[in-house]
>>> print(open('coords-v8.txt').read())   # compact mmCIF, C-alpha atoms
# COMPACT_ATOMS: atom_id res chain seq x y z
CA TYR A 1 -169.60 -194.05 -41.45
CA THR A 2 -173.36 -194.10 -40.80
CA GLN A 3 -172.85 -193.35 -37.11
CA LEU A 4 -170.52 -190.45 -38.00
CA VAL A 5 -173.06 -188.93 -40.42
CA SER A 6 -175.80 -189.27 -37.79
CA SER A 7 -173.66 -187.52 -35.18
CA VAL A 8 -172.86 -184.65 -37.57
CA VAL A 9 -176.56 -184.23 -38.45
CA ALA A 10 -177.48 -184.22 -34.74
CA VAL A 11 -174.91 -181.50 -34.02
CA ILE A 12 -176.16 -179.40 -36.97
CA ASP A 13 -179.78 -179.75 -35.77
CA LEU A 14 -178.76 -178.75 -32.24
CA CYS A 15 -176.97 -175.62 -33.47
CA TYR A 16 -179.89 -174.72 -35.78
CA ASN A 17 -182.44 -175.08 -33.00
CA TYR A 18 -180.27 -173.06 -30.62
CA ASN A 19 -179.98 -170.20 -33.11
CA ARG A 20 -183.74 -170.22 -33.67
CA GLN A 21 -184.48 -169.80 -29.98
CA GLU A 22 -185.44 -166.21 -29.28
CA VAL A 23 -183.90 -164.65 -26.25
CA LYS A 24 -186.96 -163.53 -24.36
CA ARG A 25 -186.20 -160.27 -22.68
CA GLU A 26 -188.90 -157.82 -21.76
CA VAL A 27 -188.16 -154.20 -22.65
CA LYS A 28 -188.54 -152.02 -19.57
CA THR A 29 -191.09 -149.23 -19.53
CA MET A 30 -190.18 -145.64 -18.69
CA LYS A 31 -191.55 -146.04 -15.15
CA GLU A 32 -189.35 -149.06 -14.51
CA LEU A 33 -186.16 -147.23 -15.48
CA HIS A 34 -184.27 -145.63 -12.61
CA TYR A 35 -182.90 -142.45 -14.22
CA HIS A 36 -184.76 -139.93 -16.38
CA PHE A 37 -183.44 -137.06 -18.45
CA GLY A 38 -184.85 -134.39 -20.77
CA LEU A 39 -183.22 -133.59 -24.10
CA LYS A 40 -184.17 -130.53 -26.17
CA MET A 41 -182.85 -130.00 -29.69
CA ARG A 42 -183.29 -127.36 -32.35
CA ILE A 43 -184.70 -128.86 -35.56
CA TYR A 44 -184.81 -127.46 -39.08
CA PRO A 45 -187.86 -128.84 -40.94
CA SER A 46 -188.57 -128.29 -44.62
CA SER A 47 -191.67 -126.42 -45.86
CA ALA A 48 -193.57 -129.70 -46.28
CA GLN A 49 -192.57 -130.83 -42.79
CA LYS A 50 -193.69 -127.48 -41.33
CA THR A 51 -197.12 -128.05 -42.88
CA ILE A 52 -197.34 -131.51 -41.25
CA ILE A 53 -196.34 -130.03 -37.88
CA LYS A 54 -199.09 -127.41 -38.24
CA VAL A 55 -201.70 -130.08 -39.10
CA ASN A 56 -200.76 -132.20 -36.08
CA SER A 57 -200.73 -129.16 -33.80
CA ASP A 58 -204.21 -128.12 -34.94
CA THR A 59 -205.44 -131.69 -34.52
CA SER A 60 -204.05 -131.92 -30.99
CA ARG A 61 -205.71 -128.65 -30.03
CA PHE A 62 -209.04 -129.65 -31.60
CA VAL A 63 -209.12 -133.02 -29.81
CA TYR A 64 -208.31 -131.37 -26.48
CA ASN A 65 -211.04 -128.77 -26.95
CA GLU A 66 -213.53 -131.42 -28.07
CA MET A 67 -212.83 -133.40 -24.91
CA ASN A 68 -213.41 -130.26 -22.89
CA ALA A 69 -216.70 -129.49 -24.69
CA LEU A 70 -218.03 -133.04 -24.24
CA ASN A 71 -217.09 -133.00 -20.58
CA LYS A 72 -218.94 -129.70 -20.04
CA LYS A 73 -222.05 -131.22 -21.64
CA ILE A 74 -221.80 -134.23 -19.31
CA TYR A 75 -221.47 -131.89 -16.35
CA GLN A 76 -224.56 -129.90 -17.36
CA LEU A 77 -226.61 -133.07 -17.85
CA LYS A 78 -225.55 -134.44 -14.45
CA LYS A 79 -226.46 -131.11 -12.88
CA GLU A 80 -230.09 -131.41 -13.97
CA GLU A 81 -232.51 -132.40 -11.23
CA ASN A 82 -234.52 -134.92 -13.27
CA HIS A 83 -232.32 -137.78 -14.44
CA ASN A 84 -234.55 -139.76 -16.79
CA THR A 85 -233.54 -142.62 -19.06
CA ASP A 86 -232.86 -140.31 -22.02
CA THR A 87 -230.47 -138.18 -19.98
CA GLN A 88 -228.56 -141.22 -18.80
CA GLU A 89 -228.30 -142.47 -22.37
CA GLN A 90 -226.99 -139.08 -23.51
CA ILE A 91 -224.33 -139.11 -20.79
CA LYS A 92 -223.34 -142.64 -21.75
CA GLN A 93 -223.08 -141.70 -25.43
CA LEU A 94 -221.01 -138.58 -24.67
CA LYS A 95 -218.55 -140.68 -22.65
CA ILE A 96 -218.25 -143.07 -25.59
CA ASP A 97 -217.57 -140.11 -27.91
CA GLN A 98 -214.56 -139.17 -25.74
CA ASN A 99 -212.40 -141.59 -27.68
CA ALA A 100 -209.87 -140.96 -30.44
CA LYS A 101 -211.40 -143.55 -32.79
CA LYS A 102 -214.91 -142.23 -32.26
CA MET A 103 -213.74 -138.67 -32.95
CA SER A 104 -212.00 -139.78 -36.14
CA ALA A 105 -215.22 -141.49 -37.27
CA ARG A 106 -217.27 -138.34 -36.58
CA TYR A 107 -214.85 -135.82 -38.12
CA PHE A 108 -213.48 -136.65 -41.55
CA PHE A 109 -210.49 -134.26 -41.35
CA LEU A 110 -209.09 -136.25 -38.41
CA ARG A 111 -208.43 -139.12 -40.82
CA ASP A 112 -205.78 -137.19 -42.74
CA LYS A 113 -202.82 -139.44 -43.58
CA HIS A 114 -200.38 -136.82 -42.23
CA ILE A 115 -201.90 -136.90 -38.73
CA ASP A 116 -200.03 -138.93 -36.14
CA SER A 117 -202.50 -141.13 -34.25
CA LEU A 118 -200.45 -140.75 -31.08
CA ALA A 119 -200.91 -136.96 -31.25
CA LYS A 120 -204.66 -137.49 -30.76
CA ALA A 121 -204.12 -140.05 -27.99
CA ASN A 122 -201.71 -137.72 -26.15
CA ALA A 123 -204.18 -134.82 -26.39
CA ILE A 124 -206.84 -136.96 -24.67
CA GLN A 125 -204.35 -138.16 -22.07
CA ASN A 126 -203.19 -134.58 -21.35
CA TYR A 127 -206.79 -133.48 -20.83
CA ARG A 128 -207.39 -136.26 -18.32
CA LYS A 129 -204.10 -135.49 -16.55
CA SER A 130 -205.13 -131.85 -16.20
CA TRP A 131 -208.27 -132.95 -14.33
CA VAL A 132 -206.22 -135.19 -12.04
CA ARG A 133 -203.87 -132.28 -11.38
CA PHE A 134 -206.86 -130.02 -10.63
CA HIS A 135 -208.22 -132.46 -8.03
CA LYS A 136 -204.80 -132.82 -6.38
CA VAL A 137 -203.75 -129.15 -6.58
CA HIS A 138 -206.86 -126.98 -6.57
CA HIS A 139 -205.13 -123.72 -7.46
CA SER A 140 -204.04 -125.21 -10.81
CA GLY A 141 -207.50 -124.40 -12.25
CA ILE A 142 -209.91 -126.45 -14.34
CA PRO A 143 -208.95 -127.29 -17.95
CA ASN A 144 -209.71 -124.41 -20.33
CA PHE A 145 -210.10 -124.36 -24.09
CA HIS A 146 -206.82 -124.00 -25.98
CA LYS A 147 -206.70 -120.96 -28.24
CA LYS A 148 -205.06 -120.78 -31.63
CA ASN A 149 -201.87 -118.72 -31.49
CA THR A 150 -198.48 -118.36 -33.13
CA GLU A 151 -197.03 -121.34 -31.25
CA TRP A 152 -197.53 -124.91 -32.48
CA LYS A 153 -197.11 -128.01 -30.35
CA TYR A 154 -198.04 -131.67 -30.33
CA GLN A 155 -196.82 -134.82 -28.61
CA THR A 156 -196.07 -138.30 -29.88
CA ASN A 157 -194.37 -141.38 -28.42
CA CYS A 158 -191.50 -143.64 -29.35
CA LEU A 159 -192.76 -147.19 -29.90
CA TYR A 160 -190.63 -150.33 -29.99
CA GLN A 161 -191.52 -153.53 -31.84
CA LYS A 162 -192.14 -156.71 -29.87
CA LYS A 163 -189.19 -158.43 -31.52
CA GLU A 164 -186.78 -155.83 -30.09
CA THR A 165 -184.91 -157.08 -27.03
CA GLN A 166 -183.44 -153.66 -26.23
CA ALA A 167 -184.93 -150.17 -26.22
CA LEU A 168 -182.27 -147.93 -27.74
CA LEU A 169 -181.98 -144.51 -29.33
CA THR A 170 -181.63 -146.10 -32.76
CA ASN A 171 -184.33 -148.78 -33.04
CA GLY A 172 -187.65 -147.14 -32.10
CA SER A 173 -190.29 -145.33 -34.12
CA VAL A 174 -188.46 -142.14 -33.08
CA ARG A 175 -184.76 -142.79 -33.61
CA PHE A 176 -181.46 -141.12 -34.35
CA ILE A 177 -180.05 -141.72 -37.82
CA ASP A 178 -176.71 -140.14 -36.91
CA ASP A 179 -175.36 -137.31 -34.76
CA SER A 180 -177.26 -134.64 -36.70
CA HIS A 181 -180.41 -136.35 -37.99
CA ILE A 182 -183.46 -137.88 -36.30
CA LYS A 183 -186.47 -139.71 -37.70
CA VAL A 184 -189.96 -138.87 -36.39
CA PRO A 185 -193.25 -140.53 -37.48
CA LYS A 186 -194.99 -138.63 -40.31
CA LEU A 187 -192.17 -136.06 -40.44
CA GLU A 188 -189.51 -138.58 -41.47
CA ILE A 189 -185.89 -137.35 -41.24
CA LEU A 190 -185.15 -133.99 -39.55
CA ARG A 191 -181.87 -132.17 -39.18
CA ALA A 192 -181.17 -131.43 -35.51
CA SER A 193 -178.59 -129.60 -33.42
CA GLY A 194 -178.06 -129.74 -29.67
CA SER A 195 -176.41 -131.85 -26.99
CA GLN A 196 -177.54 -135.21 -28.37
CA LYS A 197 -173.97 -136.24 -29.24
CA ARG A 198 -173.15 -136.79 -25.57
CA ILE A 199 -176.24 -138.99 -25.14
CA LEU A 200 -175.38 -141.01 -28.25
CA GLN A 201 -171.83 -141.45 -26.95
CA MET A 202 -173.27 -142.92 -23.73
CA GLU A 203 -175.14 -145.54 -25.74
CA GLN A 204 -172.04 -146.38 -27.74
CA ASN A 205 -170.27 -147.00 -24.42
CA GLY A 206 -172.83 -149.65 -23.47
CA ALA A 207 -175.69 -147.74 -21.82
CA GLU A 208 -179.26 -148.64 -22.79
CA ILE A 209 -181.34 -145.49 -23.26
CA ARG A 210 -185.05 -145.51 -24.05
CA ILE A 211 -187.00 -142.66 -25.68
CA GLY A 212 -190.40 -141.90 -24.13
CA THR A 213 -192.66 -138.95 -24.90
CA VAL A 214 -191.55 -136.69 -27.78
CA THR A 215 -192.79 -133.10 -28.19
CA VAL A 216 -192.51 -131.08 -31.39
CA HIS A 217 -192.81 -127.35 -30.74
CA LYS A 218 -192.64 -124.09 -32.68
CA ASP A 219 -192.20 -120.95 -30.61
CA ALA A 220 -193.43 -117.42 -31.32
CA ALA A 221 -190.12 -116.58 -33.03
CA ASP A 222 -190.72 -119.33 -35.64
CA ARG A 223 -188.01 -121.61 -34.24
CA PHE A 224 -188.70 -125.34 -34.16
CA PHE A 225 -187.64 -127.61 -31.30
CA LEU A 226 -187.90 -131.30 -30.49
CA SER A 227 -187.95 -132.36 -26.84
CA MET A 228 -187.78 -135.96 -25.68
CA GLN A 229 -187.96 -137.80 -22.40
CA LEU A 230 -185.14 -140.30 -21.93
CA GLY A 231 -184.92 -143.16 -19.46
CA SER A 232 -182.06 -145.44 -18.49
CA ASP A 233 -180.67 -147.56 -15.68
CA THR A 234 -177.33 -145.79 -16.20
CA PRO A 235 -176.90 -142.28 -14.71
CA PHE A 236 -176.88 -139.55 -17.36
CA THR A 237 -174.35 -137.53 -15.35
CA ALA A 238 -171.66 -138.68 -12.96
CA PRO A 239 -172.13 -137.55 -9.31
CA ALA A 240 -170.06 -134.48 -8.48
CA GLU A 241 -167.20 -134.76 -6.00
CA LYS A 242 -167.96 -134.06 -2.34
CA THR A 243 -166.64 -130.70 -1.16
CA GLU A 244 -167.69 -130.77 2.52
CA LYS A 245 -169.16 -127.28 2.08
CA GLN A 246 -172.61 -125.90 2.86
CA VAL A 247 -174.11 -122.61 1.76
CA GLY A 248 -177.27 -120.63 2.41
CA ILE A 249 -178.52 -118.17 -0.20
CA ASP A 250 -180.73 -115.13 0.24
CA LEU A 251 -182.54 -114.10 -2.95
CA ASN A 252 -183.35 -110.42 -3.36
CA ILE A 253 -183.96 -107.80 -6.02
CA GLU A 254 -181.15 -105.32 -5.33
CA ASN A 255 -178.56 -108.03 -5.99
CA PHE A 256 -179.63 -111.41 -7.30
CA LEU A 257 -178.36 -113.34 -4.28
CA THR A 258 -176.06 -113.11 -1.27
CA ASP A 259 -174.70 -116.34 0.21
CA SER A 260 -173.68 -117.20 3.75
CA ASP A 261 -169.99 -116.74 2.85
CA GLY A 262 -170.62 -113.09 2.00
CA VAL A 263 -170.41 -113.54 -1.80
CA VAL A 264 -172.77 -111.21 -3.67
CA VAL A 265 -174.05 -111.99 -7.20
CA ASP A 266 -175.30 -108.93 -9.06
CA ASN A 267 -178.74 -108.85 -10.67
CA PRO A 268 -178.26 -108.74 -14.48
CA CYS A 269 -181.71 -107.09 -15.09
CA TYR A 270 -181.99 -108.37 -18.67
CA TYR A 271 -185.59 -107.25 -19.14
CA ARG A 272 -184.97 -103.73 -17.78
CA LYS A 273 -182.07 -103.30 -20.18
CA ALA A 274 -184.21 -104.34 -23.17
CA LYS A 275 -187.38 -102.58 -21.98
CA LYS A 276 -186.89 -99.40 -24.01
CA LYS A 277 -186.17 -101.28 -27.23
CA LEU A 278 -189.12 -103.61 -26.62
CA ALA A 279 -191.50 -100.69 -25.98
CA LYS A 280 -190.51 -99.06 -29.27
CA ALA A 281 -190.97 -102.31 -31.20
CA GLN A 282 -194.35 -102.98 -29.59
CA ARG A 283 -195.64 -99.48 -30.40
CA LYS A 284 -194.75 -100.12 -34.02
CA LEU A 285 -196.53 -103.48 -33.86
CA SER A 286 -199.65 -101.80 -32.43
CA ARG A 287 -199.70 -99.23 -35.25
CA ARG A 288 -199.48 -101.95 -37.89
CA ALA A 289 -202.27 -103.89 -36.21
CA THR A 290 -204.50 -100.79 -36.15
CA ARG A 291 -203.82 -100.12 -39.84
CA ALA A 292 -204.63 -103.72 -40.81
CA LYS A 293 -207.92 -103.59 -38.90
CA LYS A 294 -208.90 -100.30 -40.57
CA GLU A 295 -208.30 -101.92 -43.97
CA HIS A 296 -210.33 -104.98 -42.85
CA ARG A 297 -207.41 -107.35 -43.36
CA PRO A 298 -206.91 -110.36 -41.03
CA LEU A 299 -203.72 -110.03 -39.01
CA ARG A 300 -202.52 -113.42 -40.24
CA ASP A 301 -202.51 -112.00 -43.81
CA ALA A 302 -200.94 -108.64 -42.92
CA LYS A 303 -197.30 -109.14 -43.92
CA ASN A 304 -195.93 -105.99 -42.26
CA TYR A 305 -197.69 -106.91 -39.02
CA GLN A 306 -196.28 -110.44 -39.11
CA LYS A 307 -192.75 -109.13 -39.75
CA GLN A 308 -192.97 -106.84 -36.74
CA ARG A 309 -194.57 -109.55 -34.59
CA LEU A 310 -191.63 -111.82 -35.39
CA LEU A 311 -189.19 -109.05 -34.43
CA VAL A 312 -190.91 -108.52 -31.05
CA ALA A 313 -190.96 -112.28 -30.40
CA ARG A 314 -187.23 -112.51 -31.10
CA LEU A 315 -186.51 -109.65 -28.69
CA TYR A 316 -188.45 -111.41 -25.95
CA GLY A 317 -186.72 -114.67 -26.86
CA LYS A 318 -183.32 -113.04 -26.48
CA VAL A 319 -184.19 -111.78 -22.98
CA ARG A 320 -185.49 -115.22 -22.02
CA ASN A 321 -182.38 -116.98 -23.35
CA GLN A 322 -180.06 -114.58 -21.50
CA ARG A 323 -181.90 -115.16 -18.23
CA GLN A 324 -181.96 -118.93 -18.71
CA ASP A 325 -178.23 -119.02 -19.46
CA PHE A 326 -177.45 -116.94 -16.36
CA LEU A 327 -179.63 -119.10 -14.09
CA HIS A 328 -178.22 -122.36 -15.49
CA ASN A 329 -174.59 -121.32 -15.00
CA LEU A 330 -175.19 -120.00 -11.48
CA SER A 331 -177.25 -122.99 -10.30
CA THR A 332 -174.74 -125.50 -11.67
CA THR A 333 -171.85 -123.68 -9.97
CA LEU A 334 -173.64 -123.62 -6.60
CA ILE A 335 -174.60 -127.30 -6.73
CA LYS A 336 -171.21 -128.58 -7.86
CA ASN A 337 -169.24 -126.55 -5.32
CA HIS A 338 -171.37 -127.35 -2.25
CA ASP A 339 -172.75 -130.52 -0.70
CA LEU A 340 -175.74 -128.65 0.78
CA VAL A 341 -177.56 -125.63 -0.63
CA ALA A 342 -180.31 -124.00 1.45
CA ALA A 343 -182.69 -121.35 0.12
CA GLU A 344 -185.94 -119.63 1.05
CA GLU A 345 -189.23 -121.18 -0.08
CA LEU A 346 -190.48 -118.23 -2.13
CA ARG A 347 -193.96 -118.12 -3.68
CA SER A 348 -193.61 -115.88 -6.72
CA ARG A 349 -197.36 -115.85 -7.33
CA ASN A 350 -197.98 -114.16 -3.99
CA LEU A 351 -195.04 -111.78 -4.38
CA LEU A 352 -196.26 -110.63 -7.80
CA LYS A 353 -199.35 -109.11 -6.16
CA ASN A 354 -197.11 -106.22 -5.11
CA HIS A 355 -197.53 -103.95 -8.16
CA ALA A 356 -194.48 -101.88 -7.22
CA LEU A 357 -192.13 -104.88 -7.36
CA SER A 358 -193.90 -107.24 -9.78
CA MET A 359 -191.75 -106.36 -12.81
CA SER A 360 -188.49 -106.72 -10.87
CA ILE A 361 -189.62 -110.05 -9.38
CA SER A 362 -190.58 -111.39 -12.81
CA ASP A 363 -187.25 -110.26 -14.24
CA VAL A 364 -185.06 -112.15 -11.76
CA GLY A 365 -186.74 -115.56 -12.23
CA TRP A 366 -186.62 -116.83 -8.64
CA ARG A 367 -189.00 -119.75 -9.14
CA THR A 368 -187.10 -121.00 -12.19
CA PHE A 369 -183.82 -120.74 -10.27
CA LEU A 370 -185.15 -122.77 -7.31
CA ASN A 371 -186.48 -125.45 -9.66
CA MET A 372 -183.05 -125.69 -11.31
CA LEU A 373 -181.35 -126.10 -7.94
CA ASP A 374 -183.84 -128.82 -7.03
CA TYR A 375 -183.37 -131.08 -10.06
CA LYS A 376 -179.63 -130.45 -10.39
CA SER A 377 -179.05 -131.47 -6.79
CA LYS A 378 -180.58 -134.86 -7.60
CA LEU A 379 -178.65 -135.02 -10.86
CA TYR A 380 -175.25 -134.47 -9.22
CA GLY A 381 -175.92 -136.29 -5.96
CA LYS A 382 -176.08 -133.21 -3.73
CA VAL A 383 -178.68 -131.91 -1.23
CA PHE A 384 -180.97 -128.91 -1.74
CA VAL A 385 -183.52 -127.79 0.88
CA THR A 386 -185.91 -124.87 1.16
CA VAL A 387 -186.80 -123.27 4.49
CA ASP A 388 -189.50 -120.97 5.81
CA PRO A 389 -188.44 -117.36 5.06
CA LYS A 390 -190.25 -115.92 8.09
CA ASN A 391 -187.99 -113.53 10.06
CA THR A 392 -184.79 -114.59 8.26
CA THR A 393 -183.90 -110.91 7.83
CA GLN A 394 -185.18 -109.83 11.27
CA THR A 395 -183.22 -112.42 13.29
CA CYS A 396 -179.66 -111.92 14.52
CA SER A 397 -177.55 -114.83 13.24
CA ASP A 398 -175.26 -114.64 16.32
CA CYS A 399 -177.63 -114.46 19.31
CA GLY A 400 -181.05 -115.21 17.73
CA PHE A 401 -182.69 -111.92 18.79
CA VAL A 402 -185.69 -111.04 16.58
CA MET A 403 -186.28 -107.41 15.64
CA GLY A 404 -189.79 -106.22 16.40
CA THR A 405 -189.78 -107.83 19.85
CA ASN A 406 -188.98 -106.35 23.31
CA GLY A 407 -189.92 -102.84 22.21
CA THR A 408 -187.76 -102.79 19.04
CA GLU A 409 -188.99 -101.85 15.57
CA LYS A 410 -188.92 -104.19 12.59
CA LEU A 411 -186.40 -103.59 9.84
CA THR A 412 -187.71 -102.03 6.64
CA LEU A 413 -186.51 -102.65 3.08
CA SER A 414 -184.42 -99.48 3.26
CA ASP A 415 -182.43 -100.84 6.24
CA ARG A 416 -179.56 -102.58 4.43
CA GLU A 417 -177.31 -102.66 7.54
CA TRP A 418 -178.23 -102.84 11.22
CA THR A 419 -176.81 -103.51 14.66
CA CYS A 420 -178.34 -106.08 17.00
CA PRO A 421 -179.62 -104.26 20.13
CA HIS A 422 -179.07 -107.40 22.23
CA CYS A 423 -175.48 -108.45 21.43
CA GLY A 424 -174.23 -105.36 19.54
CA ILE A 425 -173.08 -107.26 16.42
CA HIS A 426 -173.20 -105.21 13.20
CA HIS A 427 -174.96 -107.02 10.33
CA ILE A 428 -175.26 -106.60 6.58
CA ARG A 429 -178.94 -107.40 6.05
CA ASP A 430 -178.66 -109.95 3.18
CA TRP A 431 -175.55 -111.67 4.55
CA ASN A 432 -177.22 -112.11 7.92
CA ALA A 433 -180.34 -113.56 6.25
CA ALA A 434 -178.21 -116.06 4.29
CA LYS A 435 -176.57 -117.25 7.54
CA ASN A 436 -180.01 -117.78 9.12
CA ILE A 437 -181.18 -119.70 6.05
CA LEU A 438 -178.17 -122.01 6.24
CA SER A 439 -178.72 -122.72 9.94
CA ARG A 440 -182.39 -123.50 9.31
CA GLY A 441 -181.40 -125.76 6.41
CA LEU A 442 -178.97 -127.71 8.60
CA GLN A 443 -181.64 -128.02 11.28
CA LYS A 444 -184.12 -129.32 8.69
CA ILE A 445 -181.64 -131.97 7.51
CA LYS A 446 -181.12 -133.14 11.11
CA GLU A 447 -184.88 -133.40 11.66
CA GLN A 448 -185.34 -135.41 8.48
CA ALA A 449 -182.47 -137.74 9.44
CA ALA A 450 -184.00 -138.28 12.89
>>> encode(input="coords-v8.txt", output="structure tokens")
Amino acid sequence: YTQLVSSVVAVIDLCYNYNRQEVKREVKTMKELHYHFGLKMRIYPSSAQKTIIKVNSDTSRFVYNEMNALNKKIYQLKKEENHNTDTQEQIKQLKIDQNAKKMSARYFFLRDKHIDSLAKANAIQNYRKSWVRFHKVHHSGIPNFHKKNTEWKYQTNCLYQKKETQALLTNGSVRFIDDSHIKVPKLEILRASGSQKRILQMEQNGAEIRIGTVTVHKDAADRFFLSMQLGSDTPFTAPAEKTEKQVGIDLNIENFLTDSDGVVVDNPCYYRKAKKKLAKAQRKLSRRATRAKKEHRPLRDAKNYQKQRLLVARLYGKVRNQRQDFLHNLSTTLIKNHDLVAAEELRSRNLLKNHALSMSISDVGWRTFLNMLDYKSKLYGKVFVTVDPKNTTQTCSDCGFVMGTNGTEKLTLSDREWTCPHCGIHHIRDWNAAKNILSRGLQKIKEQAA
């Protein structure tokens, strides 16, 4: 009996000790995860939550500007010819002041209980990133002071406790309560609408999804959004089926694009269609601003001005949403239906210098469209390449003869159709350019493979 009791006690101790052992599993960071995805949702905060968002936005802007001011002082001190001991001490002290804790100690209002500490840390990090970006890409410009405007924005992060063995959408400091509600530090529970149901369904099917940086944003039309960076080792979208098709696209203003198969997509011209209505609304806004200034009232307190400003912002928002929807649908269709998409490498900044075409170029959104094709090709497992646009419209796609050589004149923008003087083939200008773009894209793929 004694031996039996001892055996039972030993088994109980073994089970107890086994249950107490913590399964040590390190939670992967965002950089270690293979797939990344952006999720943007519309949120509907209460009046109290709107106030907290405003406080955090102002704090983020102040910290960024303070970092910029301190850095300018350091630059001026380093620029001085005589570097004495006092100057070196001042530089050292200014570098110490470029710290979130030091700023909170110096400025009492930064210790407000509604301020998210990660909003201050992200503002400092964003300032430093902007300097790194300036040194790598010089045309990005040096960091400037952020001005107060009608848009609010701040960033925070989703943190996971050390005891957590998995980073999920439901166990971090930023987490989903259900399909329509999300909890954010300081703001607590927010009602949200968007495409988060599909992401939550992925996690229910066994995928581990981590939340990274979270951005809370209010646009000029007083709409609130929450954007988050997601990471996972499971693909967020399944690769599209291979179609064994390639296409080259020629972007232009007269029609949005012409592809190498001869398909023409018309330019919707959303801004041109709304231009008259926008001009009328903006004239009314200008009159109300002039009246408020004559009466010595700040524009932020002029109710009629703010009503009209909101109306103008919503009109611009409608144009932007229409263009985004058109570009998303078209880019997704092209990527899913072709294994290779080739396009011209267009620099919109240089093209906008042409004052006669700047409005039309801004209206079509070429740069946004090319960016969509780029990331969607990676998302669906397809290939997207850009080629040099030089002479794509001047070259015959059949024989390779270039207009402007051997005594011929170059084609002008008014020449929509032309006949090759060398081989006699009749060309439609944009269709011919799309064929040349596709051939250059295929050549580029071969060179990369070699």
>>> atom_distance(input="coords-v8.txt", atom1="CA of Thr332 (chain A)", atom2="CA of Leu373 (chain A)")
7.6 Å
>>> closest_residue(input="coords-v8.txt", among="A:Val137, A:Ala220, A:Cys269, A:Ile253", to="Leu310 (chain A)", atoms="all atoms listed in the file")
A:Ala220
>>> atom_distance(input="coords-v8.txt", atom1="CA of Phe145 (chain A)", atom2="CA of Met228 (chain A)")
25.2 Å
>>> closest_residue(input="coords-v8.txt", among="A:Lys336, A:Lys303, A:Lys284, A:Lys129", to="Leu379 (chain A)", atoms="only C-alpha atoms")
A:Lys336
>>> residues_around(input="coords-v8.txt", residues="Leu230 (chain A)", least_positions_apart="6", cutoff="12 Å", atoms="only C-alpha atoms", output="PyMOL selection string")
chain A and resi 29-31+33-40+157-158+167-169+174-175+196+199-200+203+208-214+236
>>> residues_around(input="coords-v8.txt", residues="Asp266 (chain A)", least_positions_apart="4", cutoff="12 Å", atoms="all atoms listed in the file", output="ChimeraX atom specification")
/A:251-259,270,326,330,364
>>> residues_around(input="coords-v8.txt", residues="region 395-409 of chain A", least_positions_apart="5", cutoff="8 Å", atoms="all atoms listed in the file", output="mmCIF file with C-alpha atoms, keeping the file's coordinate frame")
data_model
loop_
_atom_site.group_PDB
_atom_site.id
_atom_site.type_symbol
_atom_site.label_atom_id
_atom_site.label_comp_id
_atom_site.auth_asym_id
_atom_site.auth_seq_id
_atom_site.Cartn_x
_atom_site.Cartn_y
_atom_site.Cartn_z
ATOM 1 C CA CYS A 420 -178.340 -106.080 17.000
ATOM 2 C CA HIS A 422 -179.070 -107.400 22.230
ATOM 3 C CA CYS A 423 -175.480 -108.450 21.430
ATOM 4 C CA ILE A 425 -173.080 -107.260 16.420
ATOM 5 C CA HIS A 427 -174.960 -107.020 10.330
ATOM 6 C CA ASN A 432 -177.220 -112.110 7.920
ATOM 7 C CA ALA A 433 -180.340 -113.560 6.250
ATOM 8 C CA LYS A 435 -176.570 -117.250 7.540
ATOM 9 C CA ASN A 436 -180.010 -117.780 9.120
#
>>> residues_around(input="coords-v8.txt", residues="region 223-226 of chain A", least_positions_apart="6", cutoff="7 Å", atoms="all atoms listed in the file", output="PDB file with C-alpha atoms, in the coordinates of the input")
ATOM      1  CA  LYS A  40    -184.170-130.530 -26.170  1.00  0.00           C
ATOM      2  CA  MET A  41    -182.850-130.000 -29.690  1.00  0.00           C
ATOM      3  CA  ARG A  42    -183.290-127.360 -32.350  1.00  0.00           C
ATOM      4  CA  ILE A  43    -184.700-128.860 -35.560  1.00  0.00           C
ATOM      5  CA  TYR A  44    -184.810-127.460 -39.080  1.00  0.00           C
ATOM      6  CA  THR A 215    -192.790-133.100 -28.190  1.00  0.00           C
ATOM      7  CA  VAL A 216    -192.510-131.080 -31.390  1.00  0.00           C
ATOM      8  CA  HIS A 217    -192.810-127.350 -30.740  1.00  0.00           C
TER       9      HIS A 217
END
>>> closest_residue(input="coords-v8.txt", among="A:Asn371, A:Gln90, A:Ser232, A:Thr150", to="Thr386 (chain A)", atoms="only C-alpha atoms")
A:Asn371
>>> residues_around(input="coords-v8.txt", residues="Asp388 (chain A)", least_positions_apart="2", cutoff="12 Å", atoms="only C-alpha atoms", output="list in words")
Asp250, Ala342, Ala343, Glu344, Glu345, Leu346, Arg347, Val385, Thr386, Lys390, Asn391, Thr392, Thr393, Ala433, Asn436, Ile437, Leu438, Ser439, Arg440, Gly441, Gln443 and Lys444 of chain A
>>> atom_distance(input="coords-v8.txt", atom1="CA of Pro235 (chain A)", atom2="CA of Ser173 (chain A)")
23.8 Å
>>> closest_residue(input="coords-v8.txt", among="A:Arg309, A:Lys245, A:Lys378, A:Arg128", to="Pro143 (chain A)", atoms="all atoms listed in the file")
A:Arg128
>>> residues_near_point(input="coords-v8.txt", point="(-176.3, -103.0, 8.1)", cutoff="7 Å", atoms="only C-alpha atoms", output="list of chain:residue names")
A:Asp415, A:Arg416, A:Glu417, A:Trp418, A:Thr419, A:His426, A:His427, A:Ile428, A:Arg429
>>> write_last_selection(input="coords-v8.txt", atoms="C-alpha atoms", output="compact mmCIF listing (two decimals), keeping the file's coordinate frame")
# COMPACT_ATOMS: atom_id res chain seq x y z
CA ASP A 415 -182.43 -100.84 6.24
CA ARG A 416 -179.56 -102.58 4.43
CA GLU A 417 -177.31 -102.66 7.54
CA TRP A 418 -178.23 -102.84 11.22
CA THR A 419 -176.81 -103.51 14.66
CA HIS A 426 -173.20 -105.21 13.20
CA HIS A 427 -174.96 -107.02 10.33
CA ILE A 428 -175.26 -106.60 6.58
CA ARG A 429 -178.94 -107.40 6.05
